[in-house]
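Peer 1: Sharing a structure with you now.
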Amino acid sequence: MSVRETVANAVRSKFGTQFADKMVIANFRNGAWDDFKIQAFQDLPMSPATHVLHYGSSCFEGLKIHRQLDGGDRVFRLDRHIQRLQTSAQLLCLPVPDANQVQQMLAALVEECRDWIPDHPGALYVRPTLLGTLPSIGAAASPSTEAMFFIIISPVGDYFSGGLRPLKLKLDDQNFRTSPAMGMVKCGGNYAMALSHIQKAREEFGVDQVLFAPGGDVQETGAANFFMINAREVRTKKLDTSFLHGVTRSSLLTLAADLGYKVTEDNITVNELLEWLPKGEAALSGTAAVLAPVGEFVYNSKSYQVGDGGIGEHTTRLRNGLLAIQNGSAEDKYGWMTRI
Ligand SMILES: *Cc1c(COP(=O)(O)O)cnc(C)c1O
């Protein structure tokens, strides 16, 4: 099979299961990052005593490269994703990757794997990953002084196989997605903490995800930021350490203000949300899902429909506005897309 055929198949398969045949990798030893190398996509050699396997010293990023409608490939807000990776690394006491080196690593990998970038509406999903690799189970309360940083890439299609559909969420005012101070770290530990709540909600109510609102403070779902939208206004929680500061979130706010919506970044209570639902729209934002409509909530075992339960007009407008910048059909006014 040709690479283009493999990519066409990858775009139709489950999100995040198909990878290009190469990866790029660098190690941190003796206080410095060594030169990176491109290698075949392969299993990682590591001691069973490796720090990350025991003490959760890992974080990651998720971003996309878009093939432009008129050719050429561009990466969406790489600088923001690298900054966030550095923030995550710092908060986990891991060696902080150098921004220039990360850029060079990605550029070198893409140069070797350009055939793996799907045409629009597909995209190349990029997964930079940082791990603590000190082989010591005695380092439970100390940082890993060795680390590995790699980037793998995955051709992806629409996150919602079978097309965009309104999601069903459980609104949970009891449980925490993660601990308050770790909310803005993009790390596996946060996903591990949220998982049992999400699984339970799926089994009980058949929902897609859980919107965490501990103590009535509406934060985010397991993997996406939350928006309330109507014809006048776009509302989302204001930045604090309790949730992940999405690059998509920030981009949508810029776009919404430019389209004439009033942008409100403020805390949202469960009561405010419930009052909003009959007449408003609700949506989730993230790199993979872009902006995904919510059609129904389950709260205290009761169902609450969002608007008419369908895909909201203003959610669609914002979603399409962002997609148009990403695929090059709209002007990149904000300088978000860099050639790669
Ligand atoms: C990655 C992530 C998001 C979305 O961030 P984007 O930068 O928009 O992709 C939201 N919440 C959590 C918990 C995440 O891990």
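Ordering of the structure tokens sets the chain letters (A, B, ...); residue numbers start at 1 within each chain; ligands are numbered from 1 in the order shown.
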From a DSSP pass on the backbone, collect the residues of region 124-216 of chain A flagged as strand (DSSP E or B) and hand them back as a VMD selection string.

Peer 2: chain A and resid 124 to 132 135 147 to 156 167 to 172 209 to 212

Peer 1: Please identify the residues whose atoms come within 7 Å of ligand 1, using only C-alpha atoms and all ligand atoms, and report them as a list in words.

Peer 2: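 Those within range of ligand 1 are Glu61, Gly62, Leu63, Lys186, Glu220, Thr221, Gly222, Ala223, Ala224, Asn225, Phe243, Leu244, His245, Gly246, Val247, Thr248, Arg249, Ser285, Gly286, Thr287 and Ala288 of chain A.
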
Peer 1: Hey, can you spit out that residue selection with all heavy atoms as a CSV table (one decimal), in the first residue's frame?

Peer 2:
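Here's the written file again-v7.csv:
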```csv
chain,number,residue,atom,x,y,z
A,61,GLU,N,1.5,17.0,25.0
A,61,GLU,CA,0.8,18.1,24.3
A,61,GLU,C,-0.1,17.4,23.2
A,61,GLU,O,0.2,16.3,22.8
A,61,GLU,CB,1.7,19.1,23.7
A,61,GLU,CG,2.0,20.3,24.6
A,61,GLU,CD,0.7,21.0,25.1
A,61,GLU,OE1,-0.2,21.2,24.2
A,61,GLU,OE2,0.5,21.3,26.2
A,62,GLY,N,-1.0,18.2,22.6
A,62,GLY,CA,-1.7,17.7,21.5
A,62,GLY,C,-2.0,18.9,20.6
A,62,GLY,O,-2.6,19.9,21.1
A,63,LEU,N,-1.5,18.9,19.4
A,63,LEU,CA,-1.7,20.0,18.4
A,63,LEU,C,-1.9,19.4,17.0
A,63,LEU,O,-1.7,18.2,16.8
A,63,LEU,CB,-0.6,21.0,18.5
A,63,LEU,CG,0.8,20.5,18.2
A,63,LEU,CD1,1.6,21.7,17.7
A,63,LEU,CD2,1.5,20.0,19.4
A,186,LYS,N,-1.0,19.4,31.8
A,186,LYS,CA,-1.6,18.4,30.8
A,186,LYS,C,-0.8,17.1,31.0
A,186,LYS,O,0.2,16.8,30.4
A,186,LYS,CB,-1.4,18.9,29.4
A,186,LYS,CG,-2.3,18.2,28.4
A,186,LYS,CD,-2.4,19.0,27.1
A,186,LYS,CE,-3.3,18.3,26.1
A,186,LYS,NZ,-4.7,18.5,26.4
A,220,GLU,N,-14.6,22.0,33.7
A,220,GLU,CA,-14.5,21.5,32.3
A,220,GLU,C,-14.8,20.0,32.3
A,220,GLU,O,-15.1,19.4,33.4
A,220,GLU,CB,-13.1,21.7,31.8
A,220,GLU,CG,-12.0,21.0,32.5
A,220,GLU,CD,-10.6,21.1,31.9
A,220,GLU,OE1,-10.5,21.0,30.6
A,220,GLU,OE2,-9.6,21.1,32.6
A,221,THR,N,-14.8,19.4,31.1
A,221,THR,CA,-15.0,17.9,31.1
A,221,THR,C,-13.6,17.2,31.2
A,221,THR,O,-12.6,17.9,31.5
A,221,THR,CB,-15.6,17.5,29.8
A,221,THR,OG1,-14.7,17.7,28.7
A,221,THR,CG2,-17.0,18.2,29.5
A,222,GLY,N,-13.6,15.9,31.1
A,222,GLY,CA,-12.4,15.2,31.2
A,222,GLY,C,-11.3,15.6,30.3
A,222,GLY,O,-10.1,15.5,30.6
A,223,ALA,N,-11.6,16.2,29.1
A,223,ALA,CA,-10.6,16.5,28.1
A,223,ALA,C,-10.9,17.7,27.3
A,223,ALA,O,-10.3,17.9,26.2
A,223,ALA,CB,-10.4,15.3,27.2
A,224,ALA,N,-11.9,18.5,27.7
A,224,ALA,CA,-12.2,19.7,26.9
A,224,ALA,C,-12.8,20.8,27.7
A,224,ALA,O,-13.4,20.6,28.8
A,224,ALA,CB,-13.3,19.3,25.8
A,225,ASN,N,-12.6,22.0,27.3
A,225,ASN,CA,-13.1,23.2,28.0
A,225,ASN,C,-14.6,23.4,27.6
A,225,ASN,O,-15.1,22.9,26.6
A,225,ASN,CB,-12.3,24.5,27.6
A,225,ASN,CG,-10.9,24.4,28.1
A,225,ASN,OD1,-9.9,24.6,27.3
A,225,ASN,ND2,-10.7,24.0,29.3
A,243,PHE,N,-8.2,24.3,36.0
A,243,PHE,CA,-8.6,23.6,34.7
A,243,PHE,C,-7.5,23.9,33.7
A,243,PHE,O,-6.7,24.8,33.8
A,243,PHE,CB,-10.0,24.0,34.3
A,243,PHE,CG,-10.1,25.4,33.7
A,243,PHE,CD1,-10.2,25.6,32.3
A,243,PHE,CD2,-10.1,26.5,34.6
A,243,PHE,CE1,-10.4,26.9,31.8
A,243,PHE,CE2,-10.3,27.8,34.1
A,243,PHE,CZ,-10.4,28.0,32.7
A,244,LEU,N,-7.5,23.1,32.6
A,244,LEU,CA,-6.5,23.2,31.6
A,244,LEU,C,-6.8,24.4,30.6
A,244,LEU,O,-7.9,24.5,30.1
A,244,LEU,CB,-6.6,21.9,30.8
A,244,LEU,CG,-5.4,21.4,30.0
A,244,LEU,CD1,-5.2,22.1,28.7
A,244,LEU,CD2,-4.1,21.4,30.9
A,245,HIS,N,-5.8,25.2,30.4
A,245,HIS,CA,-6.0,26.4,29.6
A,245,HIS,C,-5.9,26.1,28.1
A,245,HIS,O,-4.8,26.1,27.6
A,245,HIS,CB,-5.0,27.5,30.0
A,245,HIS,CG,-5.0,27.8,31.5
A,245,HIS,ND1,-4.2,28.7,32.1
A,245,HIS,CD2,-5.9,27.5,32.5
A,245,HIS,CE1,-4.5,28.8,33.4
A,245,HIS,NE2,-5.5,28.1,33.6
A,246,GLY,N,-7.0,25.8,27.5
A,246,GLY,CA,-7.0,25.3,26.2
A,246,GLY,C,-6.6,26.4,25.2
A,246,GLY,O,-7.0,27.5,25.3
A,247,VAL,N,-5.8,26.0,24.2
A,247,VAL,CA,-5.4,26.9,23.1
A,247,VAL,C,-6.6,27.1,22.2
A,247,VAL,O,-6.8,28.2,21.7
A,247,VAL,CB,-4.2,26.2,22.3
A,247,VAL,CG1,-3.9,27.1,21.1
A,247,VAL,CG2,-3.0,26.0,23.2
A,248,THR,N,-7.5,26.1,22.1
A,248,THR,CA,-8.7,26.2,21.3
A,248,THR,C,-9.6,27.2,22.0
A,248,THR,O,-10.2,28.1,21.4
A,248,THR,CB,-9.4,24.9,21.1
A,248,THR,OG1,-8.4,23.9,20.8
A,248,THR,CG2,-10.5,25.0,20.1
A,249,ARG,N,-9.7,27.1,23.3
A,249,ARG,CA,-10.5,28.0,24.1
A,249,ARG,C,-10.1,29.5,23.9
A,249,ARG,O,-11.0,30.3,23.5
A,249,ARG,CB,-10.4,27.7,25.6
A,249,ARG,CG,-10.9,28.7,26.6
A,249,ARG,CD,-10.5,28.5,28.0
A,249,ARG,NE,-11.0,29.5,28.9
A,249,ARG,CZ,-10.4,30.7,29.1
A,249,ARG,NH1,-9.4,31.0,28.4
A,249,ARG,NH2,-10.9,31.6,29.9
A,285,SER,N,-14.7,22.6,23.8
A,285,SER,CA,-13.6,23.0,22.9
A,285,SER,C,-12.3,22.2,23.2
A,285,SER,O,-12.0,22.0,24.4
A,285,SER,CB,-13.3,24.5,23.0
A,285,SER,OG,-12.5,24.8,24.1
A,286,GLY,N,-11.6,21.8,22.2
A,286,GLY,CA,-10.3,21.2,22.3
A,286,GLY,C,-9.7,21.0,20.9
A,286,GLY,O,-10.5,21.0,19.9
A,287,THR,N,-8.4,20.7,20.9
A,287,THR,CA,-7.8,20.5,19.6
A,287,THR,C,-8.4,19.4,18.8
A,287,THR,O,-8.7,19.6,17.6
A,287,THR,CB,-6.3,20.1,19.8
A,287,THR,OG1,-5.7,21.2,20.4
A,287,THR,CG2,-5.6,19.7,18.5
A,288,ALA,N,-8.8,18.3,19.4
A,288,ALA,CA,-9.3,17.1,18.6
A,288,ALA,C,-10.7,17.4,18.2
A,288,ALA,O,-11.1,17.2,17.1
A,288,ALA,CB,-9.3,15.9,19.5
```

Peer 1: At a cut-off of 12 Å, using only C-alpha atoms, what residues contact region 142-146 of chain A? Leave out same-chain residues fewer than 3 positions from it and give the result as a PyMOL selection string.

Peer 2: chain A and resi 26-34+49-58+89-96+130-139+149

Peer 1: Keeping N, CA and C atoms, export the residues of the selection given above as a compact mmCIF listing (two decimals), in the first residue's frame.

Peer 2:
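Writing the result to selection.txt gives the following:
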```txt
# COMPACT_ATOMS: atom_id res chain seq x y z
N ALA A 26 14.61 12.73 21.97
CA ALA A 26 15.81 13.29 22.60
C ALA A 26 15.81 12.88 24.07
N ASN A 27 16.99 12.75 24.64
CA ASN A 27 17.09 12.38 26.05
C ASN A 27 17.78 13.47 26.86
N PHE A 28 17.40 13.58 28.12
CA PHE A 28 18.04 14.51 29.05
C PHE A 28 18.87 13.69 30.03
N ARG A 29 20.20 13.91 29.99
CA ARG A 29 21.11 13.18 30.89
C ARG A 29 22.21 14.14 31.34
N ASN A 30 22.73 13.94 32.52
CA ASN A 30 23.82 14.78 33.04
C ASN A 30 23.53 16.27 32.88
N GLY A 31 22.29 16.63 33.14
CA GLY A 31 21.96 18.05 33.16
C GLY A 31 21.75 18.71 31.82
N ALA A 32 21.69 17.94 30.72
CA ALA A 32 21.49 18.58 29.41
C ALA A 32 20.73 17.67 28.45
N TRP A 33 20.06 18.31 27.48
CA TRP A 33 19.41 17.54 26.42
C TRP A 33 20.45 17.14 25.40
N ASP A 34 20.44 15.89 24.97
CA ASP A 34 21.36 15.50 23.88
C ASP A 34 20.71 15.83 22.53
N ALA A 49 12.09 -0.17 36.56
CA ALA A 49 12.16 0.74 37.71
C ALA A 49 12.02 2.21 37.29
N THR A 50 11.74 2.45 36.00
CA THR A 50 11.70 3.82 35.49
C THR A 50 10.70 4.71 36.27
N HIS A 51 11.16 5.91 36.60
CA HIS A 51 10.41 6.86 37.43
C HIS A 51 8.95 7.02 36.98
N VAL A 52 8.75 7.26 35.68
CA VAL A 52 7.40 7.54 35.19
C VAL A 52 6.43 6.38 35.46
N LEU A 53 6.93 5.16 35.44
CA LEU A 53 6.05 3.99 35.60
C LEU A 53 5.52 3.89 37.03
N HIS A 54 6.23 4.51 37.97
CA HIS A 54 5.84 4.40 39.38
C HIS A 54 5.25 5.68 39.92
N TYR A 55 5.84 6.83 39.51
CA TYR A 55 5.49 8.08 40.17
C TYR A 55 4.85 9.11 39.24
N GLY A 56 4.43 8.64 38.07
CA GLY A 56 3.59 9.49 37.21
C GLY A 56 4.24 10.73 36.64
N SER A 57 5.58 10.70 36.48
CA SER A 57 6.27 11.90 35.98
C SER A 57 6.17 11.97 34.46
N SER A 58 5.02 12.39 33.96
CA SER A 58 4.89 12.55 32.51
C SER A 58 3.85 13.61 32.17
N ALA A 89 5.85 20.78 32.43
CA ALA A 89 7.12 20.18 32.86
C ALA A 89 7.58 20.79 34.19
N GLN A 90 7.48 22.11 34.27
CA GLN A 90 7.89 22.79 35.50
C GLN A 90 7.08 22.33 36.70
N LEU A 91 5.75 22.25 36.52
CA LEU A 91 4.88 21.89 37.65
C LEU A 91 5.09 20.43 38.06
N LEU A 92 5.60 19.59 37.15
CA LEU A 92 5.87 18.19 37.48
C LEU A 92 7.34 17.97 37.86
N CYS A 93 8.12 19.05 37.98
CA CYS A 93 9.55 18.97 38.31
C CYS A 93 10.32 18.10 37.32
N LEU A 94 9.94 18.17 36.05
CA LEU A 94 10.67 17.46 34.99
C LEU A 94 11.59 18.45 34.28
N PRO A 95 12.69 17.96 33.67
CA PRO A 95 13.53 18.86 32.87
C PRO A 95 12.66 19.54 31.81
N VAL A 96 12.82 20.86 31.66
CA VAL A 96 11.97 21.62 30.75
C VAL A 96 12.56 21.58 29.34
N LEU A 130 6.66 13.93 27.29
CA LEU A 130 7.85 14.06 28.15
C LEU A 130 7.72 13.08 29.32
N LEU A 131 8.78 12.30 29.56
CA LEU A 131 8.75 11.26 30.60
C LEU A 131 9.95 11.37 31.53
N GLY A 132 9.76 11.11 32.82
CA GLY A 132 10.88 10.98 33.75
C GLY A 132 11.44 9.58 33.65
N THR A 133 12.72 9.46 33.29
CA THR A 133 13.27 8.12 33.00
C THR A 133 14.33 7.65 33.99
N LEU A 134 14.49 8.35 35.11
CA LEU A 134 15.47 7.87 36.10
C LEU A 134 15.08 6.46 36.55
N PRO A 135 16.01 5.49 36.44
CA PRO A 135 15.65 4.12 36.83
C PRO A 135 15.80 3.94 38.34
N SER A 136 14.85 4.46 39.12
CA SER A 136 14.95 4.37 40.57
C SER A 136 13.57 4.40 41.21
N ILE A 137 13.25 3.31 41.94
CA ILE A 137 11.98 3.34 42.67
C ILE A 137 12.17 4.00 44.04
N GLY A 138 13.41 4.42 44.31
CA GLY A 138 13.68 5.14 45.55
C GLY A 138 13.42 6.63 45.43
N ALA A 139 13.09 7.08 44.21
CA ALA A 139 12.94 8.53 43.97
C ALA A 139 11.48 8.95 44.03
N PHE A 149 12.13 12.89 25.78
CA PHE A 149 11.11 13.69 25.12
C PHE A 149 10.98 13.16 23.69
```

Peer 1: Determine, counting only C-alpha atoms, which protein, DNA and RNA residues have an atom within 7 Å of an atom of Val270 (chain A); residues of the same chain fewer than 5 positions away are not included. Present the result as a ChimeraX atom specification.

Peer 2: /A:216-218

Peer 1: Write out as a list in words each polymer residue whose atoms come within 9 Å of Met184 (chain A), counting only C-alpha atoms; drop sequence neighbours fewer than 3 positions from it.

Peer 2: Arg84, Thr87, Ser88, Pro180, Ala181, Cys187, Asp240, Thr241, Ser242, Phe243, Leu244 and His245 of chain A

Peer 1: Those same residues, written as a compact mmCIF listing (two decimals), in the first residue's frame with N, CA, C and O atoms?

Peer 2:
```txt
# COMPACT_ATOMS: atom_id res chain seq x y z
N ARG A 84 2.90 25.77 26.95
CA ARG A 84 2.11 24.97 27.90
C ARG A 84 2.87 23.70 28.29
O ARG A 84 2.83 23.28 29.45
N THR A 87 5.25 24.75 30.91
CA THR A 87 4.55 24.95 32.19
C THR A 87 4.27 23.60 32.87
O THR A 87 4.51 23.43 34.07
N SER A 88 3.78 22.65 32.09
CA SER A 88 3.48 21.32 32.64
C SER A 88 4.76 20.69 33.20
O SER A 88 4.76 20.14 34.30
N PRO A 180 -7.04 20.64 42.73
CA PRO A 180 -7.12 22.03 42.25
C PRO A 180 -5.81 22.58 41.66
O PRO A 180 -5.84 23.20 40.61
N ALA A 181 -4.68 22.30 42.29
CA ALA A 181 -3.44 22.92 41.81
C ALA A 181 -2.91 22.26 40.54
O ALA A 181 -2.11 22.85 39.82
N CYS A 187 -1.34 16.32 32.02
CA CYS A 187 -0.64 15.10 32.40
C CYS A 187 -1.60 13.93 32.54
O CYS A 187 -2.80 14.10 32.79
N ASP A 240 -8.03 29.95 35.94
CA ASP A 240 -7.43 29.76 37.28
C ASP A 240 -6.71 28.42 37.22
O ASP A 240 -6.64 27.80 36.14
N THR A 241 -6.15 27.96 38.32
CA THR A 241 -5.31 26.75 38.24
C THR A 241 -6.13 25.46 38.23
O THR A 241 -5.57 24.38 38.16
N SER A 242 -7.46 25.57 38.29
CA SER A 242 -8.27 24.36 38.45
C SER A 242 -8.54 23.63 37.13
O SER A 242 -9.01 22.50 37.13
N PHE A 243 -8.25 24.28 36.00
CA PHE A 243 -8.57 23.61 34.72
C PHE A 243 -7.51 23.91 33.67
O PHE A 243 -6.68 24.81 33.84
N LEU A 244 -7.55 23.13 32.60
CA LEU A 244 -6.54 23.21 31.56
C LEU A 244 -6.82 24.40 30.64
O LEU A 244 -7.93 24.53 30.13
N HIS A 245 -5.82 25.21 30.44
CA HIS A 245 -5.99 26.42 29.63
C HIS A 245 -5.88 26.08 28.14
O HIS A 245 -4.80 26.10 27.58
```

Peer 1: For the atom pair CA of Arg319 (chain A) and CA of Leu291 (chain A), what is the interatomic distance in Å to one decimal place?

Peer 2: 5.4 Å

Peer 1: Extract, using only C-alpha atoms, all DNA, RNA and protein residues at most 10 Å from Leu277 (chain A), discarding same-chain residues fewer than 6 positions from it, and format them as a list in words.

Peer 2: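 Surrounding residues, per the criterion: Met228, Ile229, Gly295, Glu296, Phe297, Tyr304, Gln305, Val306, Gly307, Asp308 and Gly309 of chain A.
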
Peer 1: Taking C-alpha atoms for each residue, export the selection above as an mmCIF file, in the first residue's frame.

Peer 2:
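Contents of result_22.cif, as written:
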```cif
data_model
loop_
_atom_site.group_PDB
_atom_site.id
_atom_site.type_symbol
_atom_site.label_atom_id
_atom_site.label_comp_id
_atom_site.auth_asym_id
_atom_site.auth_seq_id
_atom_site.Cartn_x
_atom_site.Cartn_y
_atom_site.Cartn_z
ATOM 1 C CA MET A 228 -22.069 28.711 26.923
ATOM 2 C CA ILE A 229 -23.109 30.464 23.709
ATOM 3 C CA GLY A 295 -27.497 18.657 23.291
ATOM 4 C CA GLU A 296 -28.390 17.297 26.715
ATOM 5 C CA PHE A 297 -27.285 17.283 30.344
ATOM 6 C CA TYR A 304 -32.081 18.852 30.746
ATOM 7 C CA GLN A 305 -32.251 19.570 27.018
ATOM 8 C CA VAL A 306 -30.025 22.325 25.595
ATOM 9 C CA GLY A 307 -32.143 24.565 23.348
ATOM 10 C CA ASP A 308 -33.942 22.264 20.886
ATOM 11 C CA GLY A 309 -31.367 19.525 21.521
#
```

Peer 1: Might you pull out every residue within 7 Å of Val126 (chain A), with only C-alpha atoms counted and same-chain residues fewer than 6 positions away left off, and present them as a short mmCIF file (atom, residue, chain, number, x, y, z; two decimals) with all heavy atoms, in the first residue's frame?

Peer 2:
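As written to disk, result.cif reads:
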```
data_model
loop_
_atom_site.label_atom_id
_atom_site.label_comp_id
_atom_site.auth_asym_id
_atom_site.auth_seq_id
_atom_site.Cartn_x
_atom_site.Cartn_y
_atom_site.Cartn_z
N GLY A 62 -0.97 18.19 22.64
CA GLY A 62 -1.75 17.73 21.49
C GLY A 62 -2.01 18.92 20.60
O GLY A 62 -2.61 19.90 21.05
N LEU A 63 -1.52 18.88 19.38
CA LEU A 63 -1.73 19.99 18.44
C LEU A 63 -1.89 19.42 17.04
O LEU A 63 -1.73 18.21 16.84
CB LEU A 63 -0.58 21.00 18.52
CG LEU A 63 0.83 20.53 18.20
CD1 LEU A 63 1.64 21.70 17.66
CD2 LEU A 63 1.52 19.97 19.43
N LYS A 64 -2.20 20.29 16.09
CA LYS A 64 -2.47 19.78 14.74
C LYS A 64 -1.73 20.55 13.66
O LYS A 64 -1.55 21.77 13.76
CB LYS A 64 -3.97 19.87 14.43
CG LYS A 64 -4.80 18.69 14.92
CD LYS A 64 -6.24 18.93 14.53
CE LYS A 64 -7.16 17.81 14.98
NZ LYS A 64 -8.57 18.24 14.81
N ILE A 151 8.27 12.94 19.98
CA ILE A 151 7.07 13.38 19.27
C ILE A 151 6.63 12.26 18.33
O ILE A 151 7.45 11.77 17.53
CB ILE A 151 7.32 14.66 18.44
CG1 ILE A 151 7.88 15.80 19.32
CG2 ILE A 151 6.04 15.12 17.75
CD1 ILE A 151 8.25 17.07 18.55
N ILE A 152 5.37 11.87 18.44
CA ILE A 152 4.79 10.95 17.47
C ILE A 152 3.66 11.69 16.75
O ILE A 152 3.13 12.68 17.27
CB ILE A 152 4.26 9.65 18.13
CG1 ILE A 152 3.31 9.94 19.28
CG2 ILE A 152 5.43 8.79 18.61
CD1 ILE A 152 2.67 8.70 19.90
N ILE A 153 3.35 11.24 15.54
CA ILE A 153 2.34 11.94 14.73
C ILE A 153 1.32 10.94 14.19
O ILE A 153 1.66 9.81 13.87
CB ILE A 153 2.99 12.74 13.58
CG1 ILE A 153 4.00 11.89 12.81
CG2 ILE A 153 3.66 14.00 14.10
CD1 ILE A 153 4.68 12.63 11.66
N SER A 154 0.08 11.40 14.11
CA SER A 154 -1.02 10.50 13.75
C SER A 154 -1.97 11.19 12.77
O SER A 154 -2.52 12.25 13.09
CB SER A 154 -1.76 10.14 15.05
OG SER A 154 -2.97 9.49 14.79
#
```

Peer 1: Could you pull out the residues in region 72-301 of chain A that DSSP calls alpha helix (DSSP H) from the backbone, as a VMD selection string?

Peer 2: chain A and resid 78 to 91 99 to 112 188 to 205 247 to 258 270 to 276
